[in-house]
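> Got a file for you: work-v3.tsv, TSV, C-alpha atoms.
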```tsv
chain	number	residue	atom	x	y	z
Y	1	GLU	CA	93.88	108.78	106.99
Y	2	ALA	CA	93.25	106.82	103.83
Y	3	ALA	CA	90.56	104.20	104.21
Y	4	VAL	CA	89.50	101.20	102.18
Y	5	THR	CA	86.73	99.03	103.54
Y	6	GLN	CA	85.60	95.69	102.22
Y	7	SER	CA	82.43	93.72	102.79
Y	8	PRO	CA	81.69	91.07	103.67
Y	9	ARG	CA	84.80	90.16	105.62
Y	10	ASN	CA	83.85	86.51	105.59
Y	11	LYS	CA	81.57	84.70	103.18
Y	12	VAL	CA	80.59	81.09	102.65
Y	13	ALA	CA	78.97	80.39	99.30
Y	14	VAL	CA	77.75	77.33	97.46
Y	15	THR	CA	79.06	76.17	94.12
Y	16	GLY	CA	77.14	77.85	91.32
Y	17	GLY	CA	75.93	80.67	93.49
Y	18	LYS	CA	76.52	84.36	92.89
Y	19	VAL	CA	78.90	86.26	95.12
Y	20	THR	CA	79.51	89.99	95.25
Y	21	LEU	CA	82.43	91.46	97.14
Y	22	SER	CA	82.21	95.17	97.74
Y	23	CYS	CA	84.89	97.76	98.28
Y	24	ASN	CA	84.57	101.39	99.31
Y	25	GLN	CA	87.36	103.95	99.47
Y	26	THR	CA	87.35	107.42	100.94
Y	27	ASN	CA	90.71	108.42	99.44
Y	28	ASN	CA	89.32	109.90	96.24
Y	29	HIS	CA	91.81	107.77	94.32
Y	30	ASN	CA	91.24	107.13	90.66
Y	31	ASN	CA	92.69	103.62	90.60
Y	32	MET	CA	91.18	100.64	92.37
Y	33	TYR	CA	92.26	97.02	92.30
Y	34	TRP	CA	91.06	93.57	93.25
Y	35	TYR	CA	93.65	90.96	94.19
Y	36	ARG	CA	93.42	87.44	95.49
Y	37	GLN	CA	95.95	85.74	97.69
Y	38	ASP	CA	96.46	82.01	97.95
Y	39	THR	CA	99.00	79.93	99.79
Y	40	GLY	CA	102.17	79.73	97.74
Y	41	HIS	CA	101.27	82.74	95.65
Y	42	GLY	CA	101.72	86.44	95.99
Y	43	LEU	CA	98.81	88.77	95.47
Y	44	ARG	CA	97.48	88.28	91.97
Y	45	LEU	CA	95.56	90.97	90.14
Y	46	ILE	CA	92.04	90.08	89.03
Y	47	HIS	CA	90.58	93.38	87.82
Y	48	TYR	CA	91.39	97.03	88.16
Y	49	SER	CA	89.79	100.35	87.34
Y	50	TYR	CA	90.97	103.81	86.37
Y	51	GLY	CA	87.82	105.54	87.49
Y	52	ALA	CA	84.05	105.42	87.53
Y	53	GLY	CA	82.68	103.37	84.67
Y	54	SER	CA	85.98	101.71	83.80
Y	55	THR	CA	87.08	98.16	84.46
Y	56	GLU	CA	90.14	96.39	83.11
Y	57	LYS	CA	91.25	92.79	83.21
Y	58	GLY	CA	94.22	91.90	85.33
Y	59	ASP	CA	96.30	88.75	85.21
Y	60	ILE	CA	93.62	86.26	86.32
Y	61	PRO	CA	90.19	87.63	85.29
Y	62	ASP	CA	88.51	84.38	84.25
Y	63	GLY	CA	85.41	83.68	86.31
Y	64	TYR	CA	85.23	87.24	87.67
Y	65	LYS	CA	83.51	90.43	86.68
Y	66	ALA	CA	84.03	93.89	88.12
Y	67	SER	CA	81.92	96.98	88.43
Y	68	ARG	CA	82.94	100.56	89.22
Y	69	PRO	CA	79.74	102.59	89.50
Y	70	SER	CA	81.38	105.52	91.28
Y	71	GLN	CA	84.76	106.87	92.34
Y	72	GLU	CA	84.26	105.35	95.78
Y	73	ASN	CA	82.96	101.87	95.00
Y	74	PHE	CA	84.44	98.89	93.21
Y	75	SER	CA	82.79	95.47	93.28
Y	76	LEU	CA	84.03	92.03	92.36
Y	77	ILE	CA	81.35	89.67	91.09
Y	78	LEU	CA	81.47	85.91	90.86
Y	79	GLU	CA	78.44	84.94	88.77
Y	80	LEU	CA	78.93	81.19	89.21
Y	81	ALA	CA	81.20	80.56	92.15
Y	82	THR	CA	83.46	77.51	92.11
Y	83	PRO	CA	85.56	75.89	94.87
Y	84	SER	CA	88.73	77.06	93.08
Y	85	GLN	CA	87.69	80.62	93.90
Y	86	THR	CA	88.04	79.95	97.60
Y	87	SER	CA	90.60	82.54	98.63
Y	88	VAL	CA	91.26	85.78	100.43
Y	89	TYR	CA	90.42	88.81	98.34
Y	90	PHE	CA	91.97	92.22	98.80
Y	91	CYS	CA	90.77	95.51	97.44
Y	92	ALA	CA	93.11	98.45	97.11
Y	93	SER	CA	93.04	102.03	95.94
Y	94	GLY	CA	95.98	103.98	94.62
Y	95	ASP	CA	96.85	107.34	93.20
Y	96	TRP	CA	99.08	107.93	90.20
Y	97	GLY	CA	101.15	110.53	91.97
Y	98	SER	CA	102.59	108.41	94.73
Y	99	GLY	CA	102.05	104.96	93.33
Y	100	GLN	CA	101.16	103.82	96.81
Y	101	LEU	CA	98.41	101.29	97.31
Y	102	TYR	CA	96.02	101.41	100.24
Y	103	PHE	CA	94.55	98.03	101.06
Y	104	GLY	CA	91.40	96.86	102.70
Y	105	GLU	CA	91.60	94.20	105.37
Y	106	GLY	CA	90.59	91.39	103.07
Y	107	SER	CA	87.53	89.24	102.45
Y	108	LYS	CA	87.77	85.53	103.07
Y	109	LEU	CA	85.60	83.59	100.64
Y	110	THR	CA	84.90	79.89	100.97
Y	111	VAL	CA	83.03	78.16	98.16
Y	112	LEU	CA	81.64	74.77	99.12
T	1	GLY	CA	107.35	88.16	82.06
T	2	ASP	CA	107.13	90.56	84.96
T	3	SER	CA	107.52	88.99	88.38
T	4	VAL	CA	109.01	89.22	91.84
T	5	THR	CA	110.83	86.53	93.79
T	6	GLN	CA	111.61	86.92	97.45
T	7	THR	CA	113.03	84.93	100.36
T	8	GLU	CA	110.91	81.93	101.20
T	9	GLY	CA	109.64	82.04	104.74
T	10	PRO	CA	109.14	81.67	107.53
T	11	VAL	CA	112.17	83.51	108.85
T	12	THR	CA	112.96	83.55	112.57
T	13	VAL	CA	115.60	85.83	114.09
T	14	SER	CA	116.44	86.92	117.60
T	15	GLU	CA	115.92	90.47	118.75
T	16	SER	CA	118.83	92.83	117.98
T	17	GLU	CA	120.12	90.58	115.20
T	18	SER	CA	120.45	91.84	111.65
T	19	LEU	CA	118.00	90.91	108.92
T	20	ILE	CA	118.01	90.66	105.17
T	21	ILE	CA	115.05	89.58	103.07
T	22	ASN	CA	116.05	89.05	99.48
T	23	CYS	CA	113.99	90.31	96.58
T	24	THR	CA	114.74	90.04	92.88
T	25	TYR	CA	112.52	91.17	90.08
T	26	SER	CA	111.96	90.68	86.39
T	27	ALA	CA	110.59	93.65	84.49
T	28	THR	CA	110.66	92.62	80.86
T	29	SER	CA	107.68	94.74	79.79
T	30	ILE	CA	108.09	97.65	82.20
T	31	ALA	CA	110.25	100.49	81.02
T	32	TYR	CA	110.62	102.22	84.39
T	33	PRO	CA	109.81	99.83	87.20
T	34	ASN	CA	109.06	101.18	90.64
T	35	LEU	CA	109.86	99.00	93.64
T	36	PHE	CA	108.06	98.68	96.94
T	37	TRP	CA	108.09	96.85	100.23
T	38	TYR	CA	104.72	96.33	101.87
T	39	VAL	CA	104.15	94.89	105.34
T	40	ARG	CA	101.26	93.28	107.14
T	41	TYR	CA	101.49	93.34	110.91
T	42	PRO	CA	99.37	90.84	112.87
T	43	GLY	CA	95.74	91.91	112.84
T	44	GLU	CA	96.33	94.77	110.44
T	45	GLY	CA	95.97	95.40	106.73
T	46	LEU	CA	98.74	95.49	104.18
T	47	GLN	CA	100.56	98.83	104.25
T	48	LEU	CA	103.45	100.47	102.49
T	49	LEU	CA	106.79	100.24	104.24
T	50	LEU	CA	109.00	101.95	101.68
T	51	LYS	CA	109.30	102.60	97.98
T	52	VAL	CA	111.98	103.59	95.49
T	53	ILE	CA	111.20	104.77	92.00
T	54	THR	CA	114.70	105.51	90.70
T	55	ALA	CA	117.41	102.96	90.10
T	56	GLY	CA	120.40	103.44	92.36
T	57	GLN	CA	118.39	105.13	95.10
T	58	LYS	CA	117.77	103.85	98.61
T	59	GLY	CA	114.54	103.95	100.53
T	60	SER	CA	114.22	103.75	104.29
T	61	SER	CA	111.51	103.57	106.90
T	62	ARG	CA	111.23	102.34	110.50
T	63	GLY	CA	114.90	101.35	110.47
T	64	PHE	CA	114.53	99.27	107.30
T	65	GLU	CA	116.44	100.05	104.12
T	66	ALA	CA	116.32	98.83	100.55
T	67	THR	CA	118.39	99.85	97.53
T	68	TYR	CA	117.09	99.63	93.98
T	69	ASN	CA	119.83	97.83	92.06
T	70	LYS	CA	119.10	97.75	88.36
T	71	GLU	CA	122.24	95.78	87.50
T	72	THR	CA	121.38	92.86	89.73
T	73	THR	CA	117.59	93.45	89.49
T	74	SER	CA	117.39	93.33	93.25
T	75	PHE	CA	115.68	95.24	96.03
T	76	HIS	CA	116.70	93.51	99.25
T	77	LEU	CA	115.22	94.63	102.55
T	78	GLN	CA	117.68	95.08	105.40
T	79	LYS	CA	117.64	96.07	109.03
T	80	ALA	CA	120.65	96.25	111.30
T	81	SER	CA	118.87	95.36	114.53
T	82	VAL	CA	115.37	93.91	114.53
T	83	GLN	CA	112.82	94.26	117.29
T	84	GLU	CA	110.00	92.01	118.35
T	85	SER	CA	107.55	94.55	116.92
T	86	ASP	CA	108.98	93.89	113.44
T	87	SER	CA	107.30	90.49	113.40
T	88	ALA	CA	105.09	90.63	110.31
T	89	VAL	CA	104.73	89.43	106.74
T	90	TYR	CA	106.79	91.41	104.23
T	91	TYR	CA	105.99	91.67	100.53
T	92	CYS	CA	108.23	92.93	97.78
T	93	ALA	CA	106.35	94.49	94.87
T	94	LEU	CA	107.04	95.82	91.42
T	95	GLY	CA	104.89	98.57	89.93
T	96	ASP	CA	104.54	99.16	86.25
T	97	THR	CA	104.31	102.46	84.45
T	98	GLY	CA	101.06	104.18	85.29
T	99	TYR	CA	100.46	101.73	88.11
T	100	GLN	CA	98.18	99.58	86.06
T	101	ASN	CA	99.49	96.61	87.90
T	102	PHE	CA	101.66	95.73	90.84
T	103	TYR	CA	103.43	92.39	90.92
T	104	PHE	CA	103.85	91.00	94.39
T	105	GLY	CA	106.17	88.38	95.78
T	106	LYS	CA	104.73	85.53	97.84
T	107	GLY	CA	105.51	87.26	101.11
T	108	THR	CA	108.05	86.46	103.82
T	109	SER	CA	106.80	85.78	107.31
T	110	LEU	CA	109.21	87.16	109.91
T	111	THR	CA	109.15	86.23	113.57
T	112	VAL	CA	111.47	88.06	115.95
T	113	ILE	CA	112.19	86.21	119.18
T	114	PRO	CA	112.73	88.39	122.24
```
What does the file become when written as structure tokens?


Amino acid sequence: EAAVTQSPRNKVAVTGGKVTLSCNQTNNHNNMYWYRQDTGHGLRLIHYSYGAGSTEKGDIPDGYKASRPSQENFSLILELATPSQTSVYFCASGDWGSGQLYFGEGSKLTVL
Amino acid sequence: GDSVTQTEGPVTVSESESLIINCTYSATSIAYPNLFWYVRYPGEGLQLLLKVITAGQKGSSRGFEATYNKETTSFHLQKASVQESDSAVYYCALGDTGYQNFYFGKGTSLTVIP
């Protein structure tokens, strides 16, 4: 069974602090994605990756960085967190063949 | 631009009634859009319900069906008789070529009353 795990599941941060959200997948998928979901919006793509060492900007990359050090791991980094980044973040992996995404359970971030 | 619009929730139906959740898409920069329905059951992660990659084709899963209509740019989700276990949040999504991005609707929360 495909598995994507995110950590932490819940995080409270202070404005200006650094936050790192981590994602690990055991699917051996090339593609990985970071989305955020807010009330009144669908999932919006922040960054994605085609494989180890690659990161690409999605639709809303401002204020976020990403890192893909290996096939399995994909991190989302908020260098200077702001209250507007309070949200639920979802990581996903996907393979080109099926086009199916496999999601983690989400990370709830609150920036005070 | 590329986007997905779906039925605003929440939607409440009684068990054994029929259901339709509307989804329309705009794929101005995607040559061959692929269409998906994802679902999140209470306490679980988002998971694929069904997908269709060819216009004119129908996808089905767990009693749900959706037909990819290129003429009306629609991909409505239908079920003839819902069950309480169908209570969940449903998301319509559009995938671009190479799956660089997936565009999701806002989600439709469905509650089925027994």

> Write out as a Markdown table the residues of chain T that have any atom within 8 Å of an atom of chain Y, one row each with the nearest atom pair and its distance in Å to one decimal, counting all atoms listed in the file, sorted by chain and then rising number.


```
| residue | atom | partner | partner_atom | distance |
| --- | --- | --- | --- | --- |
| T:Glu44 | CA | Y:Glu105 | CA | 7.0 |
| T:Gly45 | CA | Y:Glu105 | CA | 4.7 |
| T:Leu46 | CA | Y:Phe103 | CA | 5.8 |
| T:Gln47 | CA | Y:Tyr102 | CA | 6.6 |
| T:Leu48 | CA | Y:Gln100 | CA | 7.0 |
| T:Gly95 | CA | Y:Gly99 | CA | 7.8 |
| T:Gly98 | CA | Y:Trp96 | CA | 6.5 |
| T:Tyr99 | CA | Y:Gly99 | CA | 6.3 |
| T:Gln100 | CA | Y:Tyr48 | CA | 7.6 |
| T:Asn101 | CA | Y:Leu45 | CA | 7.2 |
| T:Phe102 | CA | Y:Leu45 | CA | 7.8 |
| T:Tyr103 | CA | Y:Arg44 | CA | 7.3 |
| T:Phe104 | CA | Y:Gly42 | CA | 5.3 |
| T:Gly105 | CA | Y:Gly42 | CA | 4.9 |
| T:Lys106 | CA | Y:Gly42 | CA | 3.6 |
| T:Gly107 | CA | Y:Gly42 | CA | 6.4 |
```

> Would you mind reading off the distance between CA of Ala31 in chain T and CA of Lys65 in chain Y, one decimal, in Å?

29.1 Å

> What does the structure give for the distance between CA of Gln71 in chain Y and CA of Ser107 in chain Y, in Å to one decimal?

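CA of Ser107 in chain Y lies 20.5 Å from CA of Gln71 in chain Y.
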
> So the first atom is CA of Arg68 in chain Y and the second is CA of Pro8 in chain Y; what is the distance between them in Å, to one decimal place?

17.3 Å

> Might you pull out every residue within 7 Å of Tyr41 in chain T, with only C-alpha atoms counted and same-chain residues fewer than 3 positions away left off, and present them as a PyMOL selection string?

chain T and resi 44+87-89

> Compile the contact shell of Glu71 in chain T as a PyMOL selection string: residues with an atom at most 12 Å away, counting all atoms listed in the file, same-chain residues fewer than 6 positions apart removed.

chain T and resi 24-26+55-56
